[in-house]
>>> print(open('my_file-v5.cif').read())   # mmCIF, C-alpha atoms
data_upload
loop_
_atom_site.label_atom_id
_atom_site.label_comp_id
_atom_site.auth_asym_id
_atom_site.auth_seq_id
_atom_site.Cartn_x
_atom_site.Cartn_y
_atom_site.Cartn_z
CA MET A 378 0.70 16.30 -3.90
CA ARG A 379 -1.50 18.71 -5.86
CA GLU A 380 -3.33 21.87 -4.97
CA ILE A 381 -6.65 22.83 -6.52
CA THR A 382 -7.27 26.56 -6.75
CA VAL A 383 -10.91 27.56 -7.09
CA MET A 384 -11.71 31.07 -8.30
CA THR A 385 -15.18 32.26 -7.28
CA ALA A 386 -17.06 35.46 -6.73
CA ASN A 387 -16.26 36.90 -3.30
CA LYS A 388 -19.74 36.37 -1.90
CA VAL A 389 -21.45 34.89 1.10
CA GLY A 390 -21.75 31.12 0.70
CA ALA A 391 -18.99 30.63 -1.91
CA LEU A 392 -16.87 28.55 0.47
CA ALA A 393 -19.93 26.56 1.56
CA ASP A 394 -20.75 25.80 -2.09
CA VAL A 395 -17.26 24.41 -2.75
CA CYS A 396 -17.20 22.39 0.48
CA ASP A 397 -20.72 21.04 -0.13
CA ALA A 398 -19.74 19.89 -3.62
CA LEU A 399 -16.75 17.97 -2.26
CA GLY A 400 -18.44 16.62 0.85
CA GLY A 401 -21.40 15.47 -1.21
CA VAL A 402 -19.21 12.96 -3.04
CA GLY A 403 -17.11 11.98 -0.01
CA VAL A 404 -13.96 13.95 -0.82
CA ASN A 405 -12.06 14.87 2.35
CA ILE A 406 -10.25 18.20 2.48
CA ARG A 407 -6.75 17.81 3.91
CA GLY A 408 -5.72 21.47 3.71
CA ILE A 409 -7.54 24.67 2.83
CA SER A 410 -6.93 28.36 2.49
CA ALA A 411 -9.60 30.86 1.47
CA HIS A 412 -9.27 34.59 0.80
CA GLY A 413 -11.41 37.33 -0.59
CA VAL A 414 -9.58 39.83 -2.78
CA GLY A 415 -11.90 42.55 -3.97
CA GLU A 416 -14.71 40.84 -5.83
CA THR A 417 -12.78 37.56 -6.26
CA GLY A 418 -12.69 34.60 -3.89
CA ILE A 419 -9.62 32.37 -3.97
CA ILE A 420 -9.96 28.94 -2.36
CA ARG A 421 -6.92 26.64 -2.33
CA LEU A 422 -7.48 22.98 -1.46
CA ILE A 423 -5.49 19.85 -0.96
CA THR A 424 -7.73 16.81 -0.86
CA GLU A 425 -7.28 13.10 -0.38
CA ASP A 426 -8.72 12.50 -3.87
CA GLU A 427 -7.57 15.20 -6.29
CA THR A 428 -9.06 13.57 -9.39
CA THR A 429 -12.59 13.29 -7.99
CA ALA A 430 -12.35 16.76 -6.44
CA ARG A 431 -11.25 18.31 -9.72
CA ASN A 432 -13.98 16.53 -11.68
CA ILE A 433 -16.81 17.43 -9.30
CA LEU A 434 -15.75 21.07 -9.06
CA GLU A 435 -15.50 21.41 -12.84
CA ARG A 436 -18.91 19.76 -13.30
CA ALA A 437 -20.36 22.15 -10.72
CA GLY A 438 -19.15 25.04 -12.88
CA PHE A 439 -16.25 26.28 -10.77
CA LYS A 440 -13.19 27.76 -12.48
CA ILE A 441 -10.20 25.80 -11.21
CA THR A 442 -6.49 25.33 -11.77
CA VAL A 443 -4.34 22.52 -10.44
CA GLY A 444 -0.66 22.65 -9.55
CA ASP A 445 2.02 20.76 -7.68
CA VAL A 446 2.88 21.58 -4.09
CA VAL A 447 5.83 20.70 -1.91
CA SER A 448 5.09 19.37 1.56
CA VAL A 449 7.54 19.85 4.44
CA LYS A 450 7.31 18.56 8.00
CA LEU A 451 8.79 20.91 10.59
CA ARG A 452 9.32 20.80 14.33
CA ASP A 453 6.51 22.72 16.00
CA ARG A 454 8.50 25.56 17.52
CA PRO A 455 9.19 29.22 16.81
CA GLY A 456 11.49 29.98 13.89
CA GLU A 457 11.25 26.68 12.00
CA LEU A 458 9.03 28.07 9.23
CA ALA A 459 11.32 31.11 9.00
CA LYS A 460 14.32 28.84 8.30
CA ILE A 461 12.52 27.13 5.40
CA ALA A 462 11.14 30.40 4.03
CA ARG A 463 14.64 31.92 4.13
CA LYS A 464 16.16 28.92 2.27
CA LEU A 465 13.55 29.29 -0.45
CA ALA A 466 14.03 33.08 -0.61
CA ARG A 467 17.83 32.78 -0.90
CA ALA A 468 17.36 30.42 -3.83
CA GLY A 469 14.97 32.87 -5.50
CA VAL A 470 11.99 30.51 -5.23
CA ASP A 471 8.74 32.39 -5.81
CA LEU A 472 5.84 31.07 -3.71
CA GLU A 473 2.22 31.32 -4.76
CA SER A 474 0.72 29.89 -1.57
CA VAL A 475 1.70 28.50 1.83
CA TYR A 476 -0.51 26.90 4.47
CA MET A 477 -0.60 24.23 7.16
CA ILE A 478 -1.98 20.85 6.14
CA GLY A 479 -1.26 18.81 9.25
CA ARG A 480 -0.24 18.93 12.87
CA GLY A 481 1.18 16.25 15.13
CA THR A 482 2.32 16.32 18.72
CA ASN A 483 5.66 17.97 17.99
CA GLU A 484 5.48 18.77 14.28
CA VAL A 485 3.50 20.60 11.64
CA GLU A 486 3.20 19.86 7.94
CA ILE A 487 3.31 22.86 5.62
CA ALA A 488 2.38 22.94 1.92
CA PHE A 489 4.16 25.36 -0.42
CA LYS A 490 3.06 26.03 -3.99
CA PRO A 491 6.22 27.30 -5.68
CA LYS A 492 6.49 28.63 -9.20
CA SER A 493 9.13 25.90 -9.75
CA VAL A 494 8.87 22.66 -7.77
CA LYS A 495 12.30 21.63 -9.05
CA ASP A 496 13.92 24.81 -7.69
CA ALA A 497 12.07 24.51 -4.36
CA LEU A 498 13.17 20.92 -3.85
CA ALA A 499 16.78 21.81 -4.70
CA ALA A 500 16.73 24.72 -2.22
CA LEU A 501 15.29 22.58 0.55
CA LYS A 502 18.03 19.94 0.12
CA LYS A 503 20.77 22.51 0.89
#
>>> encode(input="my_file-v5.cif", output="structure tokens")
Amino acid sequence: MREITVMTANKVGALADVCDALGGVGVNIRGISAHGVGETGIIRLITEDETTARNILERAGFKITVGDVVSVKLRDRPGELAKIARKLARAGVDLESVYMIGRGTNEVEIAFKPKSVKDALAALKK
């Protein structure tokens, strides 16, 4: 699974522009996180068609980067995310982003973008 990070100006309509570009070509957004930091907007996306999403965003003039994410399904109850976050922290895994990408009746799916996917996967197996 891959995450697309879109860097934009932190302005009204920036998120709408990104979502319009993707929706206009039928790309479904599976997970999203958007933040304004000073004058910069940071939009992180996981889509069902990363290649098309990347191509359309680049053609629309957006500055993007793409990186691997690790997806974990957890029981939907207090403390479960803390257990995973602690495992990763103990292993020294640096995280760039974390957000929910799915929810079922009794579980949630979380996406982590670690600096090292290899290290994150090893930590999660312990």
>>> closest_residue(input="my_file-v5.cif", among="A:Thr385, A:Arg480, A:Lys440, A:Asp426", to="A:Gly413", atoms="all atoms listed in the file")
A:Thr385
>>> resolve_selection(input="my_file-v5.cif", expression="the PyMOL selection byres ((chain A and resi 444) around 10)", output="PyMOL selection string")
chain A and resi 378-382+442-443+445-446+490-492+494
>>> resolve_selection(input="my_file-v5.cif", expression="the PyMOL selection byres ((chain A and resi 431-435) around 10)", output="ChimeraX atom specification")
/A:380-383,394-396,398-399,401-402,404,424,426-430,436-443
>>> closest_residue(input="my_file-v5.cif", among="A:Lys464, A:Arg452, A:Lys388, A:Lys495", to="A:His412", atoms="all atoms listed in the file")
A:Lys388
>>> residues_around(input="my_file-v5.cif", residues="A:Ser448", least_positions_apart="3", cutoff="9 Å", atoms="all atoms listed in the file", output="PyMOL selection string")
chain A and resi 378+478+486-490
>>> resolve_selection(input="my_file-v5.cif", expression="the PyMOL selection byres ((chain A and resi 467) around 12)", output="ChimeraX atom specification")
/A:459-466,468-471,496-497,499-501,503
>>> atom_distance(input="my_file-v5.cif", atom1="atom CA of A:Gly408", atom2="atom CA of A:Gly479")
7.6 Å
>>> atom_distance(input="my_file-v5.cif", atom1="atom CA of A:Ala386", atom2="atom CA of A:Ile420")
10.6 Å
>>> decode(input="my_file-v5.cif", residues="stretch 430-468 of chain A", atoms="C-alpha atoms", output="compact mmCIF listing (two decimals), in the first residue's frame")
# COMPACT_ATOMS: atom_id res chain seq x y z
CA ALA A 430 -3.96 9.26 -8.70
CA ARG A 431 -0.26 10.07 -8.91
CA ASN A 432 -0.45 10.77 -12.64
CA ILE A 433 -3.50 13.03 -12.44
CA LEU A 434 -2.13 15.01 -9.49
CA GLU A 435 1.22 15.53 -11.21
CA ARG A 436 -0.51 16.62 -14.44
CA ALA A 437 -2.63 19.05 -12.42
CA GLY A 438 0.59 20.64 -11.16
CA PHE A 439 0.57 19.40 -7.57
CA LYS A 440 3.88 18.67 -5.84
CA ILE A 441 3.67 15.09 -4.59
CA THR A 442 5.76 12.36 -3.02
CA VAL A 443 4.85 8.70 -2.74
CA GLY A 444 5.90 6.26 -0.04
CA ASP A 445 5.07 2.87 1.40
CA VAL A 446 2.74 2.49 4.35
CA VAL A 447 2.07 -0.36 6.73
CA SER A 448 -1.55 -1.27 7.39
CA VAL A 449 -2.63 -2.86 10.67
CA LYS A 450 -6.07 -4.08 11.71
CA LEU A 451 -6.83 -3.62 15.39
CA ARG A 452 -9.71 -4.48 17.68
CA ASP A 453 -11.87 -1.39 18.11
CA ARG A 454 -11.35 -0.79 21.81
CA PRO A 455 -9.36 1.56 24.04
CA GLY A 456 -5.63 0.94 24.24
CA GLU A 457 -5.14 -1.12 21.08
CA LEU A 458 -3.49 1.69 19.12
CA ALA A 459 -1.32 2.46 22.15
CA LYS A 460 0.02 -1.13 22.14
CA ILE A 461 1.07 -0.86 18.49
CA ALA A 462 2.51 2.63 18.91
CA ARG A 463 4.54 1.43 21.91
CA LYS A 464 5.92 -1.58 19.97
CA LEU A 465 7.05 0.74 17.20
CA ALA A 466 8.52 3.24 19.67
CA ARG A 467 10.48 0.55 21.54
CA ALA A 468 11.99 -0.55 18.24
